[in-house]
Amino acid sequence: MYNMNSPKKNIVLKTENLVIGYHHKKRSNIVAKDINVAIEKGTFVALLGKNGIGKSTLLRTISKVQEPLDGKIFINQKKTTDYKDEELATLLGLVLTERLPTSQLTVYELVALGRQPYTNWIDTLSEKDITIINEAITLTEIEHLKDNRFHELSDGQLQRVLIARALAQDTEIIILDEPTAHLDIHHTFKIFALLKNLVETTKKTIIISTHEVNLAIKLVDAFILLANDKVYNGNSEELILQNAFSSLFPKELISFNKEIKQFIINNN
Amino acid sequence: MNSKKTYTNYFILLSVSLIFFGFINISLGSVSIPFNEILTIIFDGETSKKSWQTIIINYRIPKALTAILVGSGLSISGLLMQTLFRNPLAGPFVLGISSGASLGVALLILGSGFLSAVFIPISISNWSLAIASSIGAFLVLIAVMIAAKKIKNTMSILIIGLMFGSLTAAIISILSYFSTSEQIQQFQFWGFGSLGNLGWHELLVFGSIYTIAIIGTFFVIKPLNSFLLGENYAKSLGINIQKSRNLILIITCLLTGVITAFSGPIAFVGLAVPHIAKLILTTSNHKILLPATAVLGAIILLICDSIAQLPTTEYTLPINAITSLFGAPIVIWLLVRKKKIYV
C-alpha cells in the first residue's frame, strides 16, 4: 500500500493488487499479495525484506520472467502483458543473481549483448550501438577490463560489467536483484554510489533488492518494503512514520533507531 | 581492430587447410593414382586411364564431399547443442536422434526376418537404410519437439534425449538376441560408419537438406549469443526462447538425421570439434565460432578418412573408430594444456 498523501507524478512503474507466487500442481502458492506500489521516474528505489519473503519473486514477476498469480503491472501506463517481449526489452533491463554459464565472452562482448534488442537479425552493431556500449563502459569505469574474459573478474568487477550491460540496453528502468550479495563493505558502497550516480546522470529508474538497509536509508530515494503482513512503499520519512522499518525483522537482536535512522544491535 | 585481423588469419589458414586436405583425401585410396593425373581429371576431365576417371569422379570426389558435409554438419550440431544446453558435454547425439536412426536401421536389418515373413520381402540397399534411419530419426524428432513444448526446463530435454538412447539400445539388444549372426554383423557394419556409400544422386539429396539446415543456422546466431548469458537474460533481451529453441532443435535434428541416414552414426566429431574450435579461436561469439567449427569439422573428418584409407594398402578401417582413436587424445591434450572447458 503506498501513501496516498504524497502526490506522485511521472509514474514509470505501477502494480495493482499484484499477487505473486508459484503454481504448484493445481494449487497456487502465494508468496505475497496486495502489492500496490508506484515508482517515480528517475528515482533510486530499494526493495527490502527479510530472507525468503519474496523479493526475488517480486522482481522476477515485474520483469516478466515469471507470471503473476493475479493483478496487473503497468510500465508507462501500459500493462506489461500488452508489450511484446522485444518492446519490453527496450524498457526494462535486468541484473540477476544467477551465475553466468562459463564461456569465453570478453567484457566488451558481454556489454555489447545489451544492444541485442536494437540490432538486426544477425546482430550487427551500428555506430550508435558502439557509442552507447562505450558510454556504458565509461560510466561504470571498466575501460581497463574491456578485453578481459568475464570469468576472470572479481565479483565486484563482474557486478560493474553486468550493470554496464544493463546500461547498454538503454532502458528506462533497470532492476538489480541483490547486486551486492557477494561483496565486501567497500565494494558494496562502491556499487551503491555507482547506482546513485547513474540515477542522477542518466535519469534512469533503478530498483535494487538489498539487505544493506542502513546504507539504503542513506542513499536511495524510495523504498518498497515487504513485511510479513503488508507491503510498504514510500520514502524513508514516510516509512518511519508508518513504523515500517521496525516491522522488518524480529526485535530481539536488532532494532530500528528512529533518531539516527539506522538499525542498531541491541545492547543487552 | 586487432582481434578482427587475427580471426581473418585463422579463416585463411582454415580455408587453405580445407583445400589441401581435400586434395590429399582424393589422392589417397586403394588404387594409387598419380597426383598430376588427379588434377587433370578434376580440371580437364580427360585422362589416360578411363578407370582412374571413374574412381575419382564417381567414388573419391563424392566421398570427400560427404566427409566435408558430415564433418561440418556434426560439428555445427554439436556447437548448437552445447550452447543451447549450456553443457560442454552435449553433442549432436544427445537428443537421441542417432538412437532413433539406429533403431530404424536395426528394425530394417535385424527385424527384416519378421517383417518379410509378414509383409513383402525388403531388400537392404543404401536407400532403404537411409529411409529407415530417416524415419527413425524423424520420429524421435517429433517426440523431442512434443517434449520441448511441454517442458520449460531445457535441461530436462537433455535427459529425455539420453533416455531415448537407453530405450533404443534396449530394443536393439532384444532384436539382436533373436537375430542371426549375419544380420548382427550387417547391423554392426552400419554402426562402423561409412563415407563411401554415396553416389551423386544421394549426395544431391544429402546436400539439399544440409543446405536448408545451414541457412537456418544464420537465423540462430543472435539467440545463441544471448543464450551465453542464460535463458533469463536472453528473454530479458527480447529473444523468443521457445521459438529459438525449436529452431535450434530442428536444425540439429535435420543435420544429424540426414548424416546418420547416409553415413551411419559417426562418433566424437560433434562433441569434440566445437571444443577444439573454442580452444584455438578463444572466443564464444557464434558469428566467428560457427563458421570456424564447420570448416574445422570438415578438415578433421577429411584427415580421419584419409587415415582410414590406410594409404598404400587395400584395407579401409571403420571411420567411426578412427575419429575417436585420433580425436580423443587431441581433446585430452588440449584440455590438459589449457585446463578449462567452455560452454
# chains A, B, ... in the order shown; residues from 1 in each chain; ligands from 1
$ closest_atom_pairs --of "chain B" --to "chain A" --cutoff "12 Å" --atoms "only C-alpha atoms" --output "CSV"
residue,atom,partner,partner_atom,distance
B:Met1,CA,A:Asp147,CA,11.8
B:Asn2,CA,A:Asp147,CA,11.2
B:Ser3,CA,A:Asp147,CA,9.9
B:Gln82,CA,A:Ser103,CA,10.9
B:Thr83,CA,A:Ser103,CA,9.4
B:Leu84,CA,A:Pro101,CA,11.0
B:Phe85,CA,A:Pro101,CA,10.1
B:Arg86,CA,A:Pro101,CA,6.5
B:Asn87,CA,A:Pro101,CA,8.7
B:Pro88,CA,A:Thr102,CA,9.5
B:Lys152,CA,A:Gln66,CA,11.7
B:Gly216,CA,A:Ile122,CA,11.8
B:Thr217,CA,A:Ile122,CA,10.5
B:Phe218,CA,A:Ile122,CA,7.2
B:Phe219,CA,A:Ile122,CA,6.9
B:Val220,CA,A:Ile122,CA,8.3
B:Ile221,CA,A:Ile122,CA,6.6
B:Lys222,CA,A:Asp123,CA,5.7
B:Pro223,CA,A:Gln116,CA,9.1
B:Leu224,CA,A:Asp123,CA,10.8
B:Asn225,CA,A:Leu113,CA,7.7
B:Ser226,CA,A:Leu113,CA,6.7
B:Phe227,CA,A:Pro101,CA,8.9
B:Leu228,CA,A:Pro101,CA,6.4
B:Leu229,CA,A:Leu100,CA,5.4
B:Gly230,CA,A:Leu100,CA,6.4
B:Glu231,CA,A:Val65,CA,9.7
B:Asn232,CA,A:Val65,CA,6.7
B:Tyr233,CA,A:Leu94,CA,7.3
B:Ala234,CA,A:Gln116,CA,9.3
B:Lys235,CA,A:Asp85,CA,7.4
B:Ser236,CA,A:Ala89,CA,5.6
B:Leu237,CA,A:Ala89,CA,5.1
B:Gly238,CA,A:Glu86,CA,3.9
B:Ile239,CA,A:Glu86,CA,6.9
B:Asn240,CA,A:Asp85,CA,7.4
B:Ile241,CA,A:Asp85,CA,10.2
B:His275,CA,A:Ser103,CA,11.4
B:Ala277,CA,A:Gln104,CA,12.0
B:Lys278,CA,A:Gln104,CA,8.3
B:Leu279,CA,A:Gln104,CA,9.5
B:Ile280,CA,A:Gln104,CA,11.7
B:Leu281,CA,A:Gln104,CA,9.9
B:Thr282,CA,A:Gln104,CA,6.6
B:Thr283,CA,A:Gln104,CA,5.4
B:Ser284,CA,A:Gln104,CA,5.1
B:Asn285,CA,A:Leu105,CA,7.1
B:His286,CA,A:Leu105,CA,10.5
B:Lys287,CA,A:Ile122,CA,8.5
B:Leu289,CA,A:Gln104,CA,11.1
B:Lys340,CA,A:Thr102,CA,9.5
B:Ile341,CA,A:Thr102,CA,8.1
B:Tyr342,CA,A:Ser103,CA,5.1
B:Val343,CA,A:Ser103,CA,5.5
$ residues_around --residues "range 326-339 of chain B" --least-positions-apart "2" --cutoff "12 Å" --atoms "only C-alpha atoms" --output "ChimeraX atom specification"
/B:267-280,282,297,300-301,303-305,307-308,319-324,341-342
$ write_last_selection --atoms "N, CA, C and O atoms" --output "short mmCIF file (atom, residue, chain, number, x, y, z; two decimals), in the first residue's frame"
data_model
loop_
_atom_site.label_atom_id
_atom_site.label_comp_id
_atom_site.auth_asym_id
_atom_site.auth_seq_id
_atom_site.Cartn_x
_atom_site.Cartn_y
_atom_site.Cartn_z
N ALA B 267 30.91 -41.08 -34.44
CA ALA B 267 31.10 -40.61 -33.07
C ALA B 267 32.14 -39.49 -33.00
O ALA B 267 32.84 -39.22 -33.97
N PHE B 268 32.19 -38.85 -31.87
CA PHE B 268 33.27 -37.97 -31.47
C PHE B 268 33.30 -36.59 -32.12
O PHE B 268 33.45 -35.59 -31.44
N VAL B 269 33.13 -36.53 -33.46
CA VAL B 269 33.32 -35.26 -34.17
C VAL B 269 32.45 -34.15 -33.58
O VAL B 269 32.93 -33.06 -33.26
N GLY B 270 31.16 -34.44 -33.41
CA GLY B 270 30.24 -33.41 -32.96
C GLY B 270 30.51 -32.91 -31.56
O GLY B 270 30.30 -31.74 -31.26
N LEU B 271 31.00 -33.79 -30.70
CA LEU B 271 31.30 -33.37 -29.33
C LEU B 271 32.61 -32.60 -29.26
O LEU B 271 32.73 -31.59 -28.58
N ALA B 272 33.63 -33.08 -30.00
CA ALA B 272 34.98 -32.58 -29.79
C ALA B 272 35.34 -31.37 -30.64
O ALA B 272 36.01 -30.45 -30.16
N VAL B 273 34.89 -31.36 -31.89
CA VAL B 273 35.33 -30.27 -32.78
C VAL B 273 34.96 -28.88 -32.23
O VAL B 273 35.79 -27.98 -32.24
N PRO B 274 33.73 -28.69 -31.71
CA PRO B 274 33.45 -27.36 -31.15
C PRO B 274 34.44 -26.96 -30.05
O PRO B 274 34.84 -25.80 -29.98
N HIS B 275 34.86 -27.94 -29.24
CA HIS B 275 35.82 -27.61 -28.18
C HIS B 275 37.18 -27.23 -28.76
O HIS B 275 37.84 -26.31 -28.27
N ILE B 276 37.59 -27.97 -29.79
CA ILE B 276 38.87 -27.65 -30.42
C ILE B 276 38.80 -26.23 -31.01
O ILE B 276 39.69 -25.41 -30.82
N ALA B 277 37.67 -25.92 -31.66
CA ALA B 277 37.50 -24.57 -32.24
C ALA B 277 37.52 -23.50 -31.16
O ALA B 277 38.16 -22.46 -31.30
N LYS B 278 36.83 -23.77 -30.03
CA LYS B 278 36.79 -22.78 -28.95
C LYS B 278 38.18 -22.56 -28.36
O LYS B 278 38.54 -21.43 -28.02
N LEU B 279 38.95 -23.65 -28.25
CA LEU B 279 40.28 -23.52 -27.66
C LEU B 279 41.24 -22.81 -28.61
O LEU B 279 42.08 -22.02 -28.18
N ILE B 280 41.11 -23.09 -29.91
CA ILE B 280 42.01 -22.44 -30.87
C ILE B 280 41.65 -20.96 -31.03
O ILE B 280 42.52 -20.10 -30.99
N THR B 282 39.70 -19.07 -29.09
CA THR B 282 39.43 -18.39 -27.82
C THR B 282 38.32 -17.35 -27.92
O THR B 282 38.46 -16.22 -27.47
N GLY B 297 35.57 -28.94 -38.62
CA GLY B 297 34.95 -30.27 -38.64
C GLY B 297 35.18 -30.97 -39.97
O GLY B 297 35.52 -32.16 -40.02
N ILE B 300 38.86 -32.04 -40.19
CA ILE B 300 39.18 -33.18 -39.32
C ILE B 300 38.62 -34.48 -39.89
O ILE B 300 39.29 -35.51 -39.89
N LEU B 301 37.40 -34.42 -40.43
CA LEU B 301 36.86 -35.67 -40.99
C LEU B 301 37.59 -36.07 -42.27
O LEU B 301 37.79 -37.27 -42.51
N ILE B 303 40.78 -35.60 -42.77
CA ILE B 303 42.02 -36.21 -42.29
C ILE B 303 41.74 -37.63 -41.79
O ILE B 303 42.45 -38.58 -42.13
N CYS B 304 40.69 -37.76 -40.95
CA CYS B 304 40.36 -39.08 -40.41
C CYS B 304 40.10 -40.07 -41.53
O CYS B 304 40.53 -41.22 -41.48
N ASP B 305 39.37 -39.62 -42.56
CA ASP B 305 39.05 -40.51 -43.67
C ASP B 305 40.32 -40.90 -44.43
O ASP B 305 40.47 -42.04 -44.86
N ILE B 307 43.25 -41.19 -43.14
CA ILE B 307 43.95 -42.18 -42.32
C ILE B 307 43.25 -43.54 -42.46
O ILE B 307 43.90 -44.58 -42.59
N ALA B 308 41.91 -43.51 -42.46
CA ALA B 308 41.14 -44.76 -42.52
C ALA B 308 41.42 -45.53 -43.80
O ALA B 308 41.25 -46.75 -43.86
N ILE B 319 35.48 -45.70 -40.19
CA ILE B 319 35.70 -44.27 -39.93
C ILE B 319 35.37 -43.91 -38.48
O ILE B 319 36.02 -43.08 -37.85
N ASN B 320 34.34 -44.61 -37.94
CA ASN B 320 33.91 -44.35 -36.58
C ASN B 320 35.01 -44.62 -35.56
O ASN B 320 35.13 -43.94 -34.54
N ALA B 321 35.84 -45.63 -35.84
CA ALA B 321 36.94 -45.95 -34.93
C ALA B 321 38.02 -44.89 -35.04
O ALA B 321 38.59 -44.45 -34.03
N ILE B 322 38.31 -44.47 -36.26
CA ILE B 322 39.39 -43.51 -36.48
C ILE B 322 39.09 -42.16 -35.82
O ILE B 322 39.94 -41.56 -35.17
N THR B 323 37.83 -41.70 -35.96
CA THR B 323 37.51 -40.38 -35.39
C THR B 323 37.79 -40.37 -33.89
O THR B 323 38.37 -39.42 -33.37
N SER B 324 37.39 -41.45 -33.20
CA SER B 324 37.62 -41.48 -31.75
C SER B 324 39.07 -41.74 -31.42
O SER B 324 39.63 -41.14 -30.51
N ILE B 341 37.31 -25.70 -19.62
CA ILE B 341 36.39 -26.11 -20.68
C ILE B 341 35.21 -25.14 -20.70
O ILE B 341 34.74 -24.72 -19.66
N TYR B 342 34.83 -24.75 -21.90
CA TYR B 342 33.79 -23.73 -22.01
C TYR B 342 32.54 -24.26 -22.67
O TYR B 342 32.59 -25.21 -23.44
#
$ select_by_dssp --residues "range 135-254 of chain A" --states "strand (DSSP E or B)" --output "PyMOL selection string"
chain A and resi 149+173-177+205-209+222-226+231-234+254
$ write_last_selection --atoms "C-alpha atoms" --output "compact mmCIF listing (two decimals), in the first residue's frame"
# COMPACT_ATOMS: atom_id res chain seq x y z
CA ARG A 149 37.21 -12.52 -20.21
CA ILE A 173 14.09 1.01 -15.78
CA ILE A 174 16.95 -1.16 -14.54
CA ILE A 175 16.17 -3.87 -12.00
CA LEU A 176 19.01 -5.41 -9.99
CA ASP A 177 18.49 -8.46 -7.78
CA THR A 205 14.88 4.48 -12.69
CA ILE A 206 16.90 1.92 -10.76
CA ILE A 207 15.30 -0.68 -8.50
CA ILE A 208 17.50 -2.94 -6.37
CA SER A 209 16.70 -5.60 -3.85
CA ALA A 222 12.26 5.46 -2.11
CA PHE A 223 11.55 2.01 -0.74
CA ILE A 224 9.38 -0.98 -1.38
CA LEU A 225 9.34 -2.87 1.90
CA LEU A 226 7.94 -6.38 2.10
CA VAL A 231 3.77 -4.09 1.60
CA TYR A 232 5.01 -0.53 2.23
CA ASN A 233 6.03 1.94 -0.47
CA GLY A 234 7.38 5.45 0.06
CA ILE A 254 18.43 -5.66 16.29
$ residues_around --residues "Gly111 in chain B" --least-positions-apart "6" --cutoff "9 Å" --atoms "only C-alpha atoms" --output "PyMOL selection string"
chain B and resi 175-176+178-179+183
$ write_last_selection --atoms "N, CA and C atoms" --output "mmCIF file, in the first residue's frame"
data_model
loop_
_atom_site.group_PDB
_atom_site.id
_atom_site.type_symbol
_atom_site.label_atom_id
_atom_site.label_comp_id
_atom_site.auth_asym_id
_atom_site.auth_seq_id
_atom_site.Cartn_x
_atom_site.Cartn_y
_atom_site.Cartn_z
ATOM 1 N N LEU B 175 16.271 -57.169 -30.171
ATOM 2 C CA LEU B 175 16.245 -57.574 -31.578
ATOM 3 C C LEU B 175 17.452 -58.440 -31.925
ATOM 4 N N SER B 176 18.629 -58.024 -31.414
ATOM 5 C CA SER B 176 19.860 -58.761 -31.708
ATOM 6 C C SER B 176 19.761 -60.199 -31.195
ATOM 7 N N PHE B 178 17.363 -62.137 -31.051
ATOM 8 C CA PHE B 178 16.581 -63.011 -31.913
ATOM 9 C C PHE B 178 17.084 -63.024 -33.357
ATOM 10 N N SER B 179 18.243 -62.426 -33.600
ATOM 11 C CA SER B 179 18.705 -62.318 -34.983
ATOM 12 C C SER B 179 19.815 -63.304 -35.278
ATOM 13 N N GLN B 183 22.927 -61.122 -39.652
ATOM 14 C CA GLN B 183 22.180 -59.861 -39.509
ATOM 15 C C GLN B 183 22.869 -58.941 -38.514
#
$ select_by_dssp --residues "range 123-195 of chain A" --states "alpha helix (DSSP H)" --output "ChimeraX atom specification"
/A:127-139,155-168,185-195
$ write_last_selection --atoms "C-alpha atoms" --output "PDB file, in the first residue's frame"
ATOM      1  CA  GLU A 127      27.882   3.107 -34.937  1.00  0.00           C
ATOM      2  CA  LYS A 128      25.207   4.264 -32.492  1.00  0.00           C
ATOM      3  CA  ASP A 129      25.357   0.888 -30.737  1.00  0.00           C
ATOM      4  CA  ILE A 130      29.130   1.178 -30.379  1.00  0.00           C
ATOM      5  CA  THR A 131      28.838   4.701 -28.941  1.00  0.00           C
ATOM      6  CA  ILE A 132      26.294   3.539 -26.363  1.00  0.00           C
ATOM      7  CA  ILE A 133      28.407   0.498 -25.418  1.00  0.00           C
ATOM      8  CA  ASN A 134      31.447   2.725 -24.894  1.00  0.00           C
ATOM      9  CA  GLU A 135      29.393   5.170 -22.823  1.00  0.00           C
ATOM     10  CA  ALA A 136      28.175   2.331 -20.597  1.00  0.00           C
ATOM     11  CA  ILE A 137      31.752   1.135 -20.187  1.00  0.00           C
ATOM     12  CA  THR A 138      32.943   4.640 -19.265  1.00  0.00           C
ATOM     13  CA  LEU A 139      30.094   5.283 -16.816  1.00  0.00           C
ATOM     14  CA  ASP A 155      32.748 -10.390  -8.013  1.00  0.00           C
ATOM     15  CA  GLY A 156      32.854  -6.603  -7.669  1.00  0.00           C
ATOM     16  CA  GLN A 157      34.223  -6.121 -11.185  1.00  0.00           C
ATOM     17  CA  LEU A 158      31.705  -8.573 -12.649  1.00  0.00           C
ATOM     18  CA  GLN A 159      28.862  -6.694 -10.987  1.00  0.00           C
ATOM     19  CA  ARG A 160      30.002  -3.450 -12.661  1.00  0.00           C
ATOM     20  CA  VAL A 161      30.189  -5.265 -16.009  1.00  0.00           C
ATOM     21  CA  LEU A 162      26.649  -6.592 -15.590  1.00  0.00           C
ATOM     22  CA  ILE A 163      25.481  -3.081 -14.736  1.00  0.00           C
ATOM     23  CA  ALA A 164      27.245  -1.810 -17.865  1.00  0.00           C
ATOM     24  CA  ARG A 165      25.406  -4.449 -19.901  1.00  0.00           C
ATOM     25  CA  ALA A 166      22.075  -3.279 -18.481  1.00  0.00           C
ATOM     26  CA  LEU A 167      23.048   0.345 -19.235  1.00  0.00           C
ATOM     27  CA  ALA A 168      23.911  -0.559 -22.814  1.00  0.00           C
ATOM     28  CA  ILE A 185      31.577  -3.409   2.614  1.00  0.00           C
ATOM     29  CA  HIS A 186      33.901  -1.310   0.424  1.00  0.00           C
ATOM     30  CA  HIS A 187      32.665  -2.754  -2.856  1.00  0.00           C
ATOM     31  CA  THR A 188      29.075  -2.692  -1.634  1.00  0.00           C
ATOM     32  CA  PHE A 189      29.384   1.028  -1.057  1.00  0.00           C
ATOM     33  CA  LYS A 190      31.033   1.492  -4.458  1.00  0.00           C
ATOM     34  CA  ILE A 191      28.114  -0.235  -6.205  1.00  0.00           C
ATOM     35  CA  PHE A 192      25.562   1.855  -4.294  1.00  0.00           C
ATOM     36  CA  ALA A 193      27.473   5.042  -5.129  1.00  0.00           C
ATOM     37  CA  LEU A 194      27.685   3.999  -8.790  1.00  0.00           C
ATOM     38  CA  LEU A 195      23.936   3.310  -8.982  1.00  0.00           C
TER      39      LEU A 195
END
$ residues_around --residues "range 54-56 of chain A" --least-positions-apart "5" --cutoff "9 Å" --atoms "only C-alpha atoms" --output "list of chain:residue names"
A:Ile20, A:Gly21, A:Val31, A:Ala32, A:Leu47, A:Leu48, A:Gly49, A:Thr61, A:Asp177, A:Glu178, A:Ser209, A:Thr210, A:Leu226
$ atom_distance --atom1 "CA of Ile33 in chain B" --atom2 "CA of Leu302 in chain B"
18.2 Å
$ residues_around --residues "Ser156 in chain B" --least-positions-apart "4" --cutoff "12 Å" --atoms "only C-alpha atoms" --output "VMD selection string"
chain B and resid 85 94 to 95 144 147 to 152 160 to 163
$ write_last_selection --atoms "N, CA, C and O atoms" --output "PDB file, in the first residue's frame"
ATOM      1  N   PHE B  85      22.132 -26.109 -24.419  1.00  0.00           N
ATOM      2  CA  PHE B  85      22.036 -26.741 -23.108  1.00  0.00           C
ATOM      3  C   PHE B  85      23.061 -26.173 -22.126  1.00  0.00           C
ATOM      4  O   PHE B  85      23.102 -26.587 -20.977  1.00  0.00           O
ATOM      5  N   VAL B  94      22.944 -36.179 -28.315  1.00  0.00           N
ATOM      6  CA  VAL B  94      22.285 -36.194 -27.002  1.00  0.00           C
ATOM      7  C   VAL B  94      20.768 -36.200 -27.105  1.00  0.00           C
ATOM      8  O   VAL B  94      20.092 -36.623 -26.180  1.00  0.00           O
ATOM      9  N   LEU B  95      20.221 -35.710 -28.211  1.00  0.00           N
ATOM     10  CA  LEU B  95      18.766 -35.662 -28.295  1.00  0.00           C
ATOM     11  C   LEU B  95      18.160 -37.017 -28.619  1.00  0.00           C
ATOM     12  O   LEU B  95      16.958 -37.170 -28.670  1.00  0.00           O
ATOM     13  N   VAL B 144      10.866 -35.392 -29.433  1.00  0.00           N
ATOM     14  CA  VAL B 144      11.623 -34.333 -28.756  1.00  0.00           C
ATOM     15  C   VAL B 144      10.862 -33.009 -28.815  1.00  0.00           C
ATOM     16  O   VAL B 144      10.784 -32.272 -27.830  1.00  0.00           O
ATOM     17  N   ALA B 147       8.060 -33.064 -26.361  1.00  0.00           N
ATOM     18  CA  ALA B 147       8.617 -32.897 -25.013  1.00  0.00           C
ATOM     19  C   ALA B 147       9.018 -31.442 -24.799  1.00  0.00           C
ATOM     20  O   ALA B 147       8.725 -30.847 -23.753  1.00  0.00           O
ATOM     21  N   ALA B 148       9.659 -30.836 -25.813  1.00  0.00           N
ATOM     22  CA  ALA B 148      10.132 -29.453 -25.684  1.00  0.00           C
ATOM     23  C   ALA B 148       8.969 -28.492 -25.502  1.00  0.00           C
ATOM     24  O   ALA B 148       9.085 -27.461 -24.846  1.00  0.00           O
ATOM     25  N   LYS B 149       7.824 -28.830 -26.089  1.00  0.00           N
ATOM     26  CA  LYS B 149       6.661 -27.968 -25.980  1.00  0.00           C
ATOM     27  C   LYS B 149       6.097 -28.006 -24.570  1.00  0.00           C
ATOM     28  O   LYS B 149       5.626 -27.014 -24.043  1.00  0.00           O
ATOM     29  N   LYS B 150       6.116 -29.206 -23.974  1.00  0.00           N
ATOM     30  CA  LYS B 150       5.522 -29.375 -22.646  1.00  0.00           C
ATOM     31  C   LYS B 150       6.465 -28.917 -21.542  1.00  0.00           C
ATOM     32  O   LYS B 150       6.021 -28.541 -20.464  1.00  0.00           O
ATOM     33  N   ILE B 151       7.765 -28.998 -21.817  1.00  0.00           N
ATOM     34  CA  ILE B 151       8.733 -28.779 -20.740  1.00  0.00           C
ATOM     35  C   ILE B 151       9.399 -27.422 -20.892  1.00  0.00           C
ATOM     36  O   ILE B 151       9.906 -27.079 -21.957  1.00  0.00           O
ATOM     37  N   LYS B 152       9.378 -26.644 -19.814  1.00  0.00           N
ATOM     38  CA  LYS B 152      10.020 -25.327 -19.842  1.00  0.00           C
ATOM     39  C   LYS B 152      11.524 -25.460 -19.624  1.00  0.00           C
ATOM     40  O   LYS B 152      12.315 -24.710 -20.163  1.00  0.00           O
ATOM     41  N   ILE B 160      15.768 -36.382 -21.331  1.00  0.00           N
ATOM     42  CA  ILE B 160      14.827 -37.173 -22.126  1.00  0.00           C
ATOM     43  C   ILE B 160      15.537 -37.762 -23.341  1.00  0.00           C
ATOM     44  O   ILE B 160      15.360 -38.934 -23.680  1.00  0.00           O
ATOM     45  N   GLY B 161      16.408 -36.964 -23.968  1.00  0.00           N
ATOM     46  CA  GLY B 161      17.189 -37.456 -25.103  1.00  0.00           C
ATOM     47  C   GLY B 161      18.033 -38.659 -24.720  1.00  0.00           C
ATOM     48  O   GLY B 161      18.080 -39.667 -25.439  1.00  0.00           O
ATOM     49  N   LEU B 162      18.681 -38.575 -23.550  1.00  0.00           N
ATOM     50  CA  LEU B 162      19.510 -39.696 -23.086  1.00  0.00           C
ATOM     51  C   LEU B 162      18.645 -40.932 -22.823  1.00  0.00           C
ATOM     52  O   LEU B 162      19.059 -42.059 -23.090  1.00  0.00           O
ATOM     53  N   MET B 163      17.424 -40.707 -22.312  1.00  0.00           N
ATOM     54  CA  MET B 163      16.518 -41.831 -22.048  1.00  0.00           C
ATOM     55  C   MET B 163      16.111 -42.521 -23.357  1.00  0.00           C
ATOM     56  O   MET B 163      16.060 -43.748 -23.430  1.00  0.00           O
TER      57      MET B 163
END
